[in-house]
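The file query_31.txt comes next; it holds compact mmCIF, C-alpha atoms.
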```
# COMPACT_ATOMS: atom_id res chain seq x y z
CA VAL A 1 32.66 12.18 18.33
CA LEU A 2 32.18 11.90 14.61
CA GLU A 3 35.40 13.21 13.15
CA VAL A 4 35.21 14.64 9.64
CA SER A 5 38.26 15.92 7.83
CA PHE A 6 37.98 17.99 4.67
CA VAL A 7 40.80 18.01 2.11
CA ALA A 8 40.45 20.59 -0.67
CA GLY A 9 40.32 19.14 -4.17
CA LYS A 10 40.23 15.56 -2.89
CA SER A 11 37.49 13.18 -1.87
CA LEU A 12 35.90 13.75 1.53
CA ARG A 13 37.39 11.48 4.15
CA ILE A 14 34.91 10.48 6.75
CA ARG A 15 35.85 8.26 9.64
CA PHE A 16 32.68 6.29 9.84
CA VAL A 17 34.19 3.01 8.79
CA GLU A 18 32.54 -0.16 10.06
CA ARG A 19 28.98 0.85 9.27
CA LEU A 20 29.69 4.58 9.56
CA THR A 21 30.80 3.91 13.16
CA GLU A 22 28.09 2.79 15.53
CA VAL A 23 29.19 5.08 18.31
CA ALA A 24 29.12 8.13 16.03
CA ILE A 25 25.64 7.26 14.81
CA LYS A 26 24.32 7.09 18.38
CA ILE A 27 25.91 10.42 19.28
CA VAL A 28 24.47 12.22 16.25
CA LEU A 29 21.04 10.65 16.71
CA GLN A 30 20.95 11.79 20.34
CA ARG A 31 21.89 15.35 19.43
CA ARG A 32 19.48 15.92 16.59
CA PRO A 33 16.22 17.78 17.26
CA ASN A 34 13.11 15.62 17.33
CA THR A 35 11.19 18.05 15.11
CA THR A 36 13.15 16.96 12.02
CA GLU A 37 13.02 13.25 12.76
CA MET A 38 10.14 12.53 10.41
CA SER A 39 10.47 15.47 8.03
CA ASN A 40 13.29 14.12 5.87
CA GLN A 41 12.94 10.36 5.75
CA LEU A 42 13.25 8.00 2.82
CA THR A 43 9.94 7.08 1.21
CA ARG A 44 8.67 3.78 2.60
CA HIS A 45 6.31 2.55 -0.08
CA ARG A 46 3.07 0.96 1.10
CA VAL A 47 0.21 -0.89 -0.52
CA HIS A 48 -2.97 1.16 -0.27
CA VAL A 49 -6.35 -0.39 0.52
CA CYS A 50 -9.30 1.99 0.75
CA TYR A 51 -12.77 1.58 2.19
CA PHE A 52 -16.13 3.17 1.38
CA ASP A 53 -18.18 3.14 4.56
CA PRO A 54 -21.59 4.83 4.07
CA PHE A 55 -23.15 2.96 7.03
CA GLU A 56 -20.25 3.76 9.37
CA VAL A 57 -19.68 0.16 10.41
CA PHE A 58 -16.04 -0.21 9.31
CA PRO A 59 -14.30 0.78 12.61
CA SER A 60 -14.92 -2.63 14.20
CA ILE A 61 -13.65 -4.36 11.04
CA GLN A 62 -10.67 -2.03 10.89
CA LEU A 63 -9.58 -3.01 14.41
CA GLU A 64 -9.48 -6.68 13.43
CA LEU A 65 -7.62 -5.91 10.21
CA GLU A 66 -4.98 -3.67 11.75
CA HIS A 67 -4.40 -6.24 14.48
CA ARG A 68 -3.26 -8.64 11.72
CA LEU A 69 -1.12 -6.19 9.72
CA PRO A 70 1.43 -6.07 8.23
CA LEU A 71 0.80 -9.12 6.08
CA GLN A 72 3.36 -11.88 6.49
CA ASN A 73 4.90 -14.42 4.09
CA LEU A 74 3.37 -13.72 0.69
CA HIS A 75 4.63 -15.69 -2.31
CA TRP A 76 4.73 -14.13 -5.77
CA ARG A 77 5.79 -16.15 -8.78
CA SER A 78 7.34 -14.09 -11.52
CA PRO A 79 6.14 -15.18 -14.99
CA LYS A 80 9.77 -15.33 -16.13
CA GLY A 81 11.54 -16.22 -12.93
CA PRO A 82 11.48 -17.94 -9.55
CA THR A 83 8.98 -17.52 -6.74
CA ARG A 84 9.74 -14.54 -4.51
CA THR A 85 8.85 -14.58 -0.82
CA ILE A 86 7.68 -11.27 0.62
CA GLY A 87 8.42 -11.52 4.32
CA SER A 88 6.35 -8.52 5.36
CA LEU A 89 4.00 -6.27 3.39
CA LEU A 90 3.01 -2.85 4.70
CA VAL A 91 -0.68 -2.14 4.03
CA ASN A 92 -2.17 1.30 4.51
CA LEU A 93 -5.93 1.42 5.20
CA VAL A 94 -7.36 4.73 4.02
CA ALA A 95 -10.87 6.14 3.89
CA GLU A 96 -12.23 6.75 0.40
CA THR A 97 -12.04 10.42 -0.49
CA GLU A 98 -12.16 11.18 -4.19
CA ASP A 99 -11.58 9.39 -7.46
CA VAL A 100 -8.01 9.08 -8.72
CA LYS A 101 -7.64 11.40 -11.73
CA ASP A 102 -4.45 9.86 -13.09
CA ASP A 103 -3.51 6.31 -12.15
CA LEU A 104 0.16 6.86 -12.99
CA LEU A 105 0.64 10.00 -10.93
CA GLN A 106 -1.41 9.19 -7.83
CA ASP A 107 -1.53 6.32 -5.33
CA LYS A 108 -4.48 4.35 -6.62
CA PRO A 109 -5.63 1.75 -4.07
CA PHE A 110 -5.13 -1.89 -4.95
CA ILE A 111 -8.39 -2.89 -3.30
CA GLU A 112 -11.54 -1.01 -2.36
CA PHE A 113 -13.78 -2.39 0.36
CA ILE A 114 -17.41 -1.38 -0.09
CA VAL A 115 -18.72 -1.81 3.45
CA VAL A 116 -22.47 -2.17 3.84
CA SER A 117 -25.03 -3.29 6.36
CA CYS A 118 -28.56 -4.54 5.68
CA THR A 119 -31.43 -5.37 8.01
CA SER A 120 -34.43 -5.71 5.68
CA ILE A 121 -35.47 -6.51 2.13
CA ASP A 122 -36.77 -2.99 1.64
CA GLU A 123 -33.48 -1.48 2.79
CA TYR A 124 -31.56 -3.72 0.41
CA ARG A 125 -33.69 -2.82 -2.60
CA ALA A 126 -34.12 0.88 -1.85
CA LYS A 127 -30.71 1.80 -0.47
CA VAL A 128 -28.03 -0.87 -0.44
CA ARG A 129 -28.24 -2.23 -3.99
CA PRO A 130 -28.47 1.23 -5.70
CA LEU A 131 -25.58 2.49 -3.59
CA ILE A 132 -23.32 -0.41 -4.61
CA ARG A 133 -24.26 -0.07 -8.28
CA LYS A 134 -23.36 3.60 -8.17
CA ARG A 135 -20.10 2.89 -6.39
CA LEU A 136 -18.72 0.15 -8.63
CA PRO A 137 -16.29 1.46 -11.27
CA VAL A 138 -17.54 1.96 -14.81
CA HIS A 139 -15.04 1.02 -17.52
CA THR A 140 -14.79 3.71 -20.19
CA SER A 141 -12.42 4.10 -23.10
CA SER A 142 -9.60 6.56 -22.46
CA ASN A 143 -6.09 7.30 -23.61
CA LYS A 144 -4.91 7.24 -20.00
CA VAL A 145 -3.52 4.09 -18.45
CA ALA A 146 -6.09 2.47 -16.14
CA LEU A 147 -4.36 0.47 -13.43
CA PRO A 148 -6.48 -2.46 -12.21
CA MET A 149 -8.19 -2.26 -8.81
CA LYS A 150 -10.37 -4.86 -7.14
CA SER A 151 -13.67 -4.04 -5.42
CA ILE A 152 -14.84 -6.27 -2.57
CA ILE A 153 -18.21 -5.98 -0.82
CA LEU A 154 -18.00 -6.46 2.93
CA LEU A 155 -21.40 -7.25 4.38
CA HIS A 156 -21.36 -6.37 8.05
CA SER A 157 -23.95 -8.60 9.74
CA ASN A 158 -25.18 -8.02 13.25
CA ALA A 159 -26.67 -10.43 15.76
CA GLU A 160 -30.25 -9.94 14.58
CA ILE A 161 -29.64 -11.24 11.06
CA LEU A 162 -26.78 -13.58 11.84
CA ASP A 163 -28.64 -16.81 11.08
CA SER A 164 -31.63 -15.55 9.12
CA ASN A 165 -32.45 -15.20 5.42
CA LEU A 166 -34.00 -11.93 4.34
CA PHE A 167 -35.02 -13.55 1.07
CA LYS A 168 -37.17 -16.65 1.08
CA SER A 169 -35.16 -18.79 -1.33
CA ILE A 170 -31.58 -17.59 -0.92
CA SER A 171 -29.38 -16.04 1.74
CA LEU A 172 -28.41 -12.40 1.77
CA VAL A 173 -24.84 -13.18 0.66
CA GLU A 174 -26.21 -15.26 -2.22
CA LYS A 175 -28.43 -12.33 -3.22
CA PHE A 176 -25.39 -10.04 -3.35
CA THR A 177 -23.55 -12.60 -5.46
CA LYS A 178 -26.50 -12.90 -7.85
CA ASP A 179 -26.89 -9.12 -8.25
CA PHE A 180 -23.15 -8.46 -8.46
CA PRO A 181 -21.60 -11.57 -10.03
CA ASP A 182 -18.28 -9.89 -10.87
CA VAL A 183 -17.66 -8.68 -7.33
CA LYS A 184 -16.64 -10.82 -4.37
CA THR A 185 -18.94 -10.52 -1.34
CA LEU A 186 -17.73 -11.46 2.12
CA GLU A 187 -19.85 -11.54 5.25
CA VAL A 188 -18.09 -10.04 8.27
CA LYS A 189 -19.86 -10.94 11.48
CA SER A 190 -20.04 -8.87 14.61
CA VAL A 191 -20.87 -11.95 16.67
CA TYR A 192 -19.14 -15.34 16.48
CA LYS A 193 -20.23 -18.61 18.02
CA SER A 194 -16.76 -19.17 19.44
CA GLU A 195 -13.23 -17.79 19.48
CA THR A 196 -12.22 -20.68 17.23
CA GLU A 197 -14.78 -19.64 14.62
CA LYS A 198 -13.55 -16.05 14.78
CA ASN A 199 -9.89 -17.01 14.37
CA TYR A 200 -10.73 -19.32 11.48
CA PHE A 201 -12.68 -16.58 9.70
CA TRP A 202 -9.96 -13.93 10.03
CA THR A 203 -7.18 -16.31 9.02
CA ASP A 204 -9.14 -17.13 5.86
CA PHE A 205 -9.92 -13.44 5.30
CA MET A 206 -6.26 -12.39 5.51
CA ASN A 207 -5.18 -15.23 3.21
CA ARG A 208 -7.74 -14.07 0.65
CA LEU A 209 -6.51 -10.50 1.03
CA LYS A 210 -2.94 -11.64 0.34
CA GLN A 211 -3.99 -13.40 -2.85
CA ASP A 212 -6.16 -10.49 -4.01
CA LEU A 213 -3.27 -8.05 -3.55
CA LEU A 214 -0.89 -10.33 -5.43
CA ASP A 215 -3.41 -10.71 -8.25
CA VAL A 216 -3.82 -6.94 -8.63
CA PHE A 217 -0.05 -6.50 -8.37
CA GLN A 218 0.50 -8.87 -11.30
CA GLN A 219 -2.33 -7.30 -13.30
CA ARG A 220 -0.74 -3.87 -12.89
CA LEU A 221 2.65 -5.14 -13.97
CA ASP A 222 1.06 -6.68 -17.07
CA THR A 223 -0.84 -3.46 -17.82
CA LEU A 224 2.30 -1.32 -17.58
CA ALA A 225 4.39 -3.75 -19.64
CA ALA A 226 1.74 -3.85 -22.39
CA ARG A 227 1.56 -0.06 -22.44
CA ILE A 228 5.34 0.24 -22.75
CA ASP A 229 5.20 -2.00 -25.82
CA GLN A 230 2.47 0.17 -27.38
CA ILE A 231 3.71 3.73 -26.93
CA ASN A 232 6.09 5.79 -29.01
CA HIS A 233 9.47 5.40 -27.31
CA GLU A 234 10.63 8.75 -28.65
CA ASN A 235 8.40 10.37 -26.02
CA PHE A 236 10.86 9.85 -23.18
CA GLU A 237 8.74 11.23 -20.33
CA ASP A 238 5.88 8.83 -21.14
CA VAL A 239 8.25 5.86 -21.14
CA LEU A 240 9.86 7.09 -17.94
CA VAL A 241 6.63 7.44 -15.95
CA LEU A 242 5.63 3.88 -16.90
CA HIS A 243 8.98 2.44 -15.80
CA GLU A 244 8.86 4.47 -12.60
CA ASN A 245 5.44 3.02 -11.82
CA MET A 246 6.83 -0.49 -12.29
CA LEU A 247 9.71 0.38 -9.98
CA LYS A 248 7.25 1.73 -7.40
CA LEU A 249 5.23 -1.50 -7.59
CA TYR A 250 8.28 -3.65 -6.87
CA LEU A 251 9.37 -1.35 -4.03
CA SER A 252 5.86 -1.41 -2.51
CA PHE A 253 5.92 -5.21 -2.48
CA ASN A 254 9.53 -5.40 -1.23
CA ILE A 255 10.74 -7.35 -4.26
CA PHE A 256 14.39 -6.34 -4.36
CA GLU A 257 15.70 -8.20 -7.41
CA GLU A 258 13.08 -6.97 -9.87
CA ALA A 259 13.19 -3.45 -8.42
CA SER A 260 16.94 -3.38 -8.90
CA THR A 261 16.60 -4.54 -12.52
CA GLN A 262 13.94 -1.92 -13.18
CA LEU A 263 16.13 0.86 -11.78
CA SER A 264 19.00 -0.31 -14.03
CA ASP A 265 16.66 -0.10 -17.03
CA ILE A 266 15.73 3.46 -16.08
CA ARG A 267 19.41 4.36 -15.78
CA GLU A 268 20.14 3.00 -19.26
CA LYS A 269 17.28 4.99 -20.74
CA PHE A 270 18.60 8.14 -19.08
CA LEU A 271 22.07 7.53 -20.51
CA SER A 272 20.53 7.42 -24.00
CA TYR A 273 18.30 10.43 -23.32
CA CYS A 274 21.05 12.58 -21.83
CA ALA A 275 23.33 12.41 -24.85
CA VAL A 276 23.42 16.22 -24.68
CA GLU A 277 25.11 17.45 -21.50
CA LEU A 278 22.63 18.59 -18.84
CA PRO A 279 22.92 21.93 -17.05
CA LEU A 280 24.82 21.60 -13.79
CA GLY A 281 22.13 22.85 -11.40
CA GLU A 282 22.76 23.79 -7.77
CA LEU A 283 23.73 21.80 -4.71
CA GLU A 284 20.84 21.17 -2.33
CA ILE A 285 21.59 22.37 1.19
CA PRO A 286 20.18 20.81 3.31
CA PHE A 287 19.77 17.63 1.30
CA LEU A 288 16.19 16.28 1.24
CA PHE A 289 15.45 12.57 0.91
CA SER A 290 11.69 13.08 1.08
CA GLN A 291 9.69 14.14 -1.98
CA GLU A 292 7.74 17.36 -2.23
CA ALA A 293 4.04 16.86 -1.48
CA ASN A 294 3.00 18.40 -4.82
CA GLY A 295 5.22 16.03 -6.79
CA GLU A 296 7.10 18.86 -8.50
CA ASP A 297 10.41 17.07 -7.89
CA ARG A 298 9.33 13.85 -9.64
CA VAL A 299 11.92 13.08 -12.26
CA ASP A 300 9.37 12.56 -15.07
CA LYS A 301 7.88 15.99 -14.34
CA LEU A 302 11.37 17.54 -14.33
CA VAL A 303 11.99 16.00 -17.76
CA LYS A 304 8.62 17.16 -19.09
CA ASN A 305 9.10 20.71 -17.79
CA GLN A 306 12.74 20.77 -18.97
CA LYS A 307 13.97 21.40 -15.44
CA LEU A 308 16.19 18.34 -15.13
CA ASN A 309 19.82 19.09 -14.34
CA SER A 310 22.93 17.11 -13.44
CA PHE A 311 22.51 17.42 -9.68
CA LYS A 312 18.85 16.35 -9.69
CA LEU A 313 19.68 13.34 -11.88
CA HIS A 314 22.50 12.23 -9.56
CA LYS A 315 20.19 12.74 -6.58
CA TYR A 316 17.38 10.71 -8.17
CA PHE A 317 19.49 7.58 -8.59
CA PHE A 318 21.18 8.03 -5.20
CA VAL A 319 17.82 8.20 -3.36
CA LYS A 320 16.33 5.31 -5.37
CA GLN A 321 19.35 3.14 -4.56
CA PHE A 322 18.86 4.02 -0.90
CA GLU A 323 15.20 2.96 -1.15
CA LEU A 324 16.30 -0.31 -2.72
CA LEU A 325 18.73 -1.06 0.08
CA GLN A 326 16.02 -0.17 2.58
CA ILE A 327 13.94 -3.19 1.44
CA SER A 328 16.90 -5.57 1.17
CA ASP A 329 17.61 -8.14 3.85
CA PHE A 330 19.40 -6.98 6.99
CA SER A 331 23.06 -8.00 6.88
CA ALA A 332 26.56 -6.63 7.30
CA LYS A 333 26.78 -6.57 3.49
CA LYS A 334 23.90 -4.09 3.42
CA TYR A 335 25.91 -1.49 5.31
CA SER A 336 28.93 -2.10 3.13
CA GLN A 337 26.71 -1.38 0.11
CA LEU A 338 25.39 1.78 1.77
CA TYR A 339 28.90 2.99 2.45
CA ARG A 340 29.92 2.31 -1.17
CA LEU A 341 26.79 4.07 -2.47
CA ILE A 342 27.55 7.17 -0.40
CA ARG A 343 31.18 7.24 -1.58
CA GLN A 344 30.10 6.89 -5.21
CA PHE A 345 27.61 9.74 -4.83
CA PHE A 346 30.28 11.92 -3.23
CA SER A 347 32.65 11.14 -6.07
CA SER A 348 30.07 12.04 -8.75
CA ILE A 349 29.09 15.29 -7.03
CA GLU A 350 32.71 16.24 -6.39
CA GLN A 351 33.60 15.67 -10.04
CA ALA A 352 30.68 17.81 -11.25
CA PHE A 353 30.87 20.55 -8.59
CA HIS A 354 34.60 20.70 -7.85
CA GLU A 355 34.56 24.48 -8.34
CA SER A 356 31.57 25.11 -6.11
CA PRO A 357 32.36 27.00 -2.87
CA SER A 358 29.45 25.12 -1.22
CA LEU A 359 30.81 21.63 -1.92
CA LEU A 360 32.23 20.89 1.54
CA GLN A 361 29.18 22.33 3.25
CA PHE A 362 26.94 20.13 1.09
CA LYS A 363 28.90 17.02 2.03
CA TYR A 364 28.76 17.80 5.73
CA PHE A 365 24.99 18.35 5.78
CA LEU A 366 24.38 15.30 3.59
CA ILE A 367 26.20 13.08 6.11
CA ASP A 368 24.19 14.66 8.89
CA GLU A 369 20.92 13.83 7.10
CA ILE A 370 22.05 10.29 6.26
CA LEU A 371 22.69 9.51 9.91
CA LYS A 372 19.14 10.56 10.78
CA LEU A 373 17.55 7.96 8.52
CA GLN A 374 15.48 5.13 9.97
CA ILE A 375 17.64 2.59 8.19
CA PHE A 376 20.45 3.32 10.71
CA LYS A 377 18.13 3.24 13.71
CA ASP A 378 17.32 -0.37 12.76
CA CYS A 379 20.92 -1.51 12.86
```
Reformat the file's structure so that it appears as structure tokens.
Amino acid sequence: VLEVSFVAGKSLRIRFVERLTEVAIKIVLQRRPNTTEMSNQLTRHRVHVCYFDPFEVFPSIQLELEHRLPLQNLHWRSPKGPTRTIGSLLVNLVAETEDVKDDLLQDKPFIEFIVVSCTSIDEYRAKVRPLIRKRLPVHTSSNKVALPMKSIILLHSNAEILDSNLFKSISLVEKFTKDFPDVKTLEVKSVYKSETEKNYFWTDFMNRLKQDLLDVFQQRLDTLAARIDQINHENFEDVLVLHENMLKLYLSFNIFEEASTQLSDIREKFLSYCAVELPLGELEIPFLFSQEANGEDRVDKLVKNQKLNSFKLHKYFFVKQFELLQISDFSAKKYSQLYRLIRQFFSSIEQAFHESPSLLQFKYFLIDEILKLQIFKDC
């Protein structure tokens, strides 16, 4: 049984030494209701890839893609540092819904697949080509930050047109390339001559996808860095949202070192910003790791709306450190760092809220929520 002893006015002593005690973790996990299992989990950042499928041919492509996800062994070379190996990259395939209104506040896809099918010259000229032209993004001047995204045309070819040219002088893929020179066009077959040909195609496809994602990743980092250099640094919330987007990029691509550095930069900026003491706020019972769906608890929005307080600031860095450790390599050291992080958070909260009658209750429910996290189920 997990034994917790409370001592008034002193730090909470919790006997979950040695990785918070494996036996205790199993007991608590078995007792918790299943309904809350997914409701209060740490954010697991993913790379979003969307698809526009007006001809409804993507499902067969999607099956092949998902069979080969997550992506394995990507290599990103930092412009100012060593090459980082990304062991596994979570990719989320989502259907296109509506345009992103603000690139910094919404999850803009890294890549958009425009999935089309074509069986005749007339269909290409009357339907396919106008549809693609309408779909491709139009670059307009705006004060908002525009994060790069790559469009890729996927031409789904069926058995009837597998080996034929709809145009006399050039193939259909060449026609797409001629009409849309700035957009990559890939032919995805529904029929292959052999299993070897199929495996070769999809291996090449996934390698291209890896490189495309890494290219967009670097372009976004460059865009954010350039914007940080341009803006007025007295406007703290604008600076903050840019740095948070950089942090989110590194977390999405599981790049621990740069993510850790970025979080340290954010902490330093907060120390300068919070020269005036913040209001104390209230303890959150039960403690929520997950963000609100409407984004009202985003720290940049709290700053902008002047709703930031001491508790929410402590919570922000505590949760972000947890997310960082979530993407770090599995090791005994990882659980030692988690234990130290929890103790430091307890110490900060206890120092700020030592007069609160809800302090011990907060600590108890926080431990209960921590033990429900997926990070402990993986141990």
Q) Distance atom CA of Glu96 of chain A-atom CA of Asp122 of chain A, one decimal place? A)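 Separating atom CA of Glu96 of chain A from atom CA of Asp122 of chain A is a distance of 26.4 Å.
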Q | Nearest-residue call for Leu69 of chain A, choices A:Leu209, A:Ala225, A:Ile152, A:Ile285, using only C-alpha atoms | A |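 When distances to Leu69 of chain A are compared using only C-alpha atoms, the smallest one comes from A:Leu209.
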Q. So what do you get for atom CA of Lys178 of chain A versus atom CA of Phe205 of chain A, distance-wise?
A.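 If I compute the distance from atom CA of Lys178 of chain A to atom CA of Phe205 of chain A, I get 21.2 Å.
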Q) Can you tell me how far atom CA of Val115 of chain A sits from atom CA of Leu221 of chain A, in Å to one decimal? A)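 Taking atom CA of Val115 of chain A and atom CA of Leu221 of chain A, their separation equals 27.8 Å.
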Q | Spatial neighbours of Glu282 of chain A, 12 Å, only C-alpha atoms, chain gap at least 6 places, as number ranges by chain | A | A: 307-315, 349, 352-353, 355-359, 362
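Remark: for Leu89 of chain A, the closest of the candidate residues A:Asn254, A:Ser120, A:Thr203, A:Gln211 is A:Asn254 (distances computed over all atoms listed in the file).
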